[in-house]
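Peer 1: Here it is: the structure, laid out below.
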Amino acid sequence: MSDILAFHFLRPWWFLGVIPVGILLASIWQSRIHMGRWENVCDPELLEALSLNQVSNETRTWWYGLALLWSLAILALAGPTWTQLEVPIYKSEDAVVITLDLSKSMDAEDIKPSRLERTKLKVLRLLKERDEGLFGLVVFSDYAFVTSPLTEDKKTISNYVPALTPDLMPSQGSRPDRAILAAIELLQQAQVRTGNIFLFSDGVADPDAANEAAKRARRAGYRVFVLAIGSPRGGPIPQRQGGFIQNAQGELVIAKPNFNALQNIARHGGGKYQLIKQSDNDILQILEQFDISSLDTESEKEYSAEWRDAGYWLILPLLLALAMSFRRGWLSCTGLWLPWLVLPGLLVNEPSHADMGSLWQNRDQQAFKEFSQ
């Protein structure tokens, strides 16, 4: 929307900066009046030599130019505008909480290179496919632990995933019900209205508790999607020191996935069940179930009218003057004040939440600060 009658300034307080210009012009004019008395009786060639305490014509012209550039800079900083733009302000509130099974059975190698390593690849693929929304990570065995709270930064979770192993868990078991409850709490604490819980697991120790947790998630407005890992024949569980895990009778423990229990979790949670495959079709099929088609419709989008700042056009003559300041005699004057005059014009625009502290920190210090937060 453009209307010349709507012309105004976004930051009119910058016009206080014209006060020094007025004082400068008044002093130059006053100097010219005093010099006019000598012009009546002296030749022009002698006037400059006689007027030791007055402002010469060349110096006066330079100051007039400075006043003009200063006025242009103030006008640019004031933010002249007469055009309004519609800016979409819609932001997806959809959230994904990934719950990853870290029980010992996930080390079984019936799926190469192992169930856990294959699952990690699927988690990373899921993060890659999702372009927007919030992401969280919960790991579990006998107990569930929040590894990453809800965040828009997918790279944070992607950096965690490769280091996850069953050895990190204090006790062993397979309680996806506790992971689902932790995910629900995570979503509710963030006041997320719609969310999806991804369960990556190969078994269920307490099917009844898992089904009840999935129902609770559904009642809260969240869906539970299950990606099961493993083969029907199962596989032995290798130990870090070599060999395979055995039971009390010295028999080899074969970890067989509980596919039926995992399917029931997805059914009660209102989501979809998918067996992890070698290709990426499993992740793509799960993502097809998301109700994201409405995000592309105009009815779901909200717009905000914002005034377009046209002051940046006035920066062009200031940049030209800055280039000319490298001439001899200009560098010591114009080259000093002009950059400091233009710089506020660049900083005053959005985003206003810029972290100025990053100007004084190297990349490692900035990364450590982000990691600490």
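By order in the structure tokens, chains are A, B, ...; within a chain, residues start at 1; ligands start at 1, following the order shown.
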Any idea what's packed within 12 Å of Ile245 of chain A, counting only C-alpha atoms, ignoring anything in its chain fewer than 3 positions away? Could you give it as a list in words?
Peer 2: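 The neighbour list is Lys104, Ser105, Asp107, Ala108, Gly235, Pro236, Ile237, Pro238, Gln239, Arg240, Gln241, Gly242, Ala248, Gln249, Gly250, Glu251, Leu252, Val253, Ile254 and Ala255 of chain A.
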Peer 1: Please, which residues of segment 42-272 of chain A, numbered as in this document, come out strand (DSSP E) from DSSP, as an MDAnalysis selection string?
Peer 2: chainID A and resid 80:81 84:88 95:101 134:140 144:151 195:201 222:228 235:236 254:255 270:272
Peer 1: Restricting it to N, CA and C atoms, dump the selection as a compact mmCIF listing (two decimals), in the first residue's frame.
Peer 2:
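Final output, selection_14.txt:
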# COMPACT_ATOMS: atom_id res chain seq x y z
N PRO A 80 12.22 8.12 6.56
CA PRO A 80 11.05 8.54 5.79
C PRO A 80 10.33 7.34 5.20
N THR A 81 9.03 7.35 5.22
CA THR A 81 8.26 6.23 4.69
C THR A 81 6.89 6.70 4.26
N GLN A 84 3.41 0.87 2.81
CA GLN A 84 3.16 -0.19 3.78
C GLN A 84 3.20 -1.53 3.07
N LEU A 85 3.87 -2.51 3.69
CA LEU A 85 4.00 -3.84 3.14
C LEU A 85 3.31 -4.85 4.05
N GLU A 86 2.73 -5.87 3.43
CA GLU A 86 2.14 -6.96 4.20
C GLU A 86 3.19 -8.03 4.42
N VAL A 87 3.49 -8.29 5.67
CA VAL A 87 4.53 -9.25 6.03
C VAL A 87 3.87 -10.44 6.72
N PRO A 88 4.04 -11.67 6.22
CA PRO A 88 3.45 -12.83 6.89
C PRO A 88 4.10 -13.05 8.24
N ALA A 95 5.48 -29.27 16.71
CA ALA A 95 6.69 -29.69 17.40
C ALA A 95 6.87 -31.19 17.24
N VAL A 96 8.11 -31.62 17.24
CA VAL A 96 8.47 -33.03 17.14
C VAL A 96 9.38 -33.37 18.30
N VAL A 97 9.00 -34.37 19.07
CA VAL A 97 9.85 -34.88 20.13
C VAL A 97 10.28 -36.29 19.74
N ILE A 98 11.57 -36.49 19.61
CA ILE A 98 12.13 -37.78 19.24
C ILE A 98 12.48 -38.54 20.51
N THR A 99 11.94 -39.74 20.66
CA THR A 99 12.26 -40.59 21.81
C THR A 99 13.05 -41.78 21.27
N LEU A 100 14.27 -41.93 21.77
CA LEU A 100 15.20 -42.92 21.24
C LEU A 100 15.52 -43.97 22.29
N ASP A 101 15.33 -45.21 21.93
CA ASP A 101 15.59 -46.35 22.82
C ASP A 101 17.10 -46.59 22.89
N LEU A 134 9.50 -26.94 16.16
CA LEU A 134 10.35 -27.17 17.31
C LEU A 134 10.75 -28.65 17.38
N PHE A 135 11.91 -28.89 17.97
CA PHE A 135 12.43 -30.25 18.05
C PHE A 135 12.95 -30.51 19.46
N GLY A 136 12.69 -31.71 19.94
CA GLY A 136 13.20 -32.13 21.25
C GLY A 136 13.69 -33.56 21.17
N LEU A 137 14.51 -33.96 22.14
CA LEU A 137 15.08 -35.31 22.14
C LEU A 137 15.00 -35.90 23.54
N VAL A 138 14.44 -37.11 23.62
CA VAL A 138 14.34 -37.86 24.87
C VAL A 138 14.96 -39.23 24.62
N VAL A 139 15.87 -39.65 25.49
CA VAL A 139 16.44 -40.99 25.42
C VAL A 139 15.91 -41.80 26.60
N PHE A 140 15.83 -43.12 26.42
CA PHE A 140 15.25 -43.93 27.49
C PHE A 140 15.80 -45.35 27.42
N ALA A 144 13.57 -42.52 31.49
CA ALA A 144 13.64 -41.57 30.37
C ALA A 144 14.34 -40.30 30.82
N PHE A 145 15.11 -39.73 29.93
CA PHE A 145 15.86 -38.50 30.22
C PHE A 145 15.75 -37.54 29.04
N VAL A 146 15.50 -36.27 29.34
CA VAL A 146 15.42 -35.24 28.31
C VAL A 146 16.84 -34.83 27.94
N THR A 147 17.23 -35.14 26.72
CA THR A 147 18.56 -34.78 26.24
C THR A 147 18.59 -33.37 25.67
N SER A 148 17.52 -32.98 25.00
CA SER A 148 17.43 -31.63 24.43
C SER A 148 16.01 -31.12 24.59
N PRO A 149 15.79 -29.99 25.24
CA PRO A 149 14.45 -29.40 25.29
C PRO A 149 14.05 -28.91 23.91
N LEU A 150 12.82 -28.47 23.77
CA LEU A 150 12.32 -28.02 22.48
C LEU A 150 13.12 -26.82 22.00
N THR A 151 13.58 -26.90 20.77
CA THR A 151 14.39 -25.85 20.19
C THR A 151 14.15 -25.79 18.69
N GLY A 195 1.60 -31.42 18.45
CA GLY A 195 2.92 -32.01 18.47
C GLY A 195 2.89 -33.46 18.05
N ASN A 196 4.05 -33.98 17.71
CA ASN A 196 4.19 -35.37 17.29
C ASN A 196 5.35 -35.99 18.04
N ILE A 197 5.10 -37.17 18.56
CA ILE A 197 6.11 -37.91 19.30
C ILE A 197 6.59 -39.07 18.45
N PHE A 198 7.87 -39.10 18.18
CA PHE A 198 8.46 -40.19 17.41
C PHE A 198 9.14 -41.17 18.36
N LEU A 199 8.70 -42.40 18.30
CA LEU A 199 9.26 -43.45 19.16
C LEU A 199 10.11 -44.38 18.30
N PHE A 200 11.41 -44.37 18.54
CA PHE A 200 12.34 -45.30 17.88
C PHE A 200 12.70 -46.37 18.90
N SER A 201 12.26 -47.58 18.68
CA SER A 201 12.47 -48.63 19.68
C SER A 201 12.39 -50.01 19.03
N TYR A 222 -1.51 -34.78 21.06
CA TYR A 222 -0.26 -35.17 20.42
C TYR A 222 -0.41 -36.59 19.84
N ARG A 223 0.26 -36.81 18.72
CA ARG A 223 0.23 -38.14 18.10
C ARG A 223 1.55 -38.87 18.32
N VAL A 224 1.46 -40.17 18.42
CA VAL A 224 2.64 -41.01 18.65
C VAL A 224 2.90 -41.84 17.40
N PHE A 225 4.04 -41.60 16.77
CA PHE A 225 4.48 -42.37 15.62
C PHE A 225 5.57 -43.32 16.07
N VAL A 226 5.51 -44.54 15.58
CA VAL A 226 6.44 -45.57 16.02
C VAL A 226 7.25 -46.06 14.83
N LEU A 227 8.56 -46.03 14.97
CA LEU A 227 9.46 -46.63 14.00
C LEU A 227 10.19 -47.77 14.69
N ALA A 228 9.81 -48.99 14.34
CA ALA A 228 10.37 -50.19 14.97
C ALA A 228 11.63 -50.62 14.22
N GLY A 235 18.59 -61.18 17.25
CA GLY A 235 20.02 -61.29 17.16
C GLY A 235 20.66 -61.19 18.53
N PRO A 236 21.87 -61.75 18.69
CA PRO A 236 22.58 -61.66 19.97
C PRO A 236 23.04 -60.22 20.23
N ILE A 254 19.01 -63.85 22.88
CA ILE A 254 18.61 -63.39 21.55
C ILE A 254 17.54 -62.30 21.73
N ALA A 255 17.86 -61.10 21.26
CA ALA A 255 16.94 -59.98 21.39
C ALA A 255 15.99 -59.96 20.20
N GLY A 270 -2.72 -42.62 17.93
CA GLY A 270 -3.26 -41.90 16.78
C GLY A 270 -2.25 -41.63 15.69
N GLY A 271 -1.13 -42.32 15.73
CA GLY A 271 -0.10 -42.10 14.72
C GLY A 271 0.02 -43.26 13.77
N LYS A 272 1.19 -43.44 13.23
CA LYS A 272 1.44 -44.49 12.23
C LYS A 272 2.60 -45.35 12.69
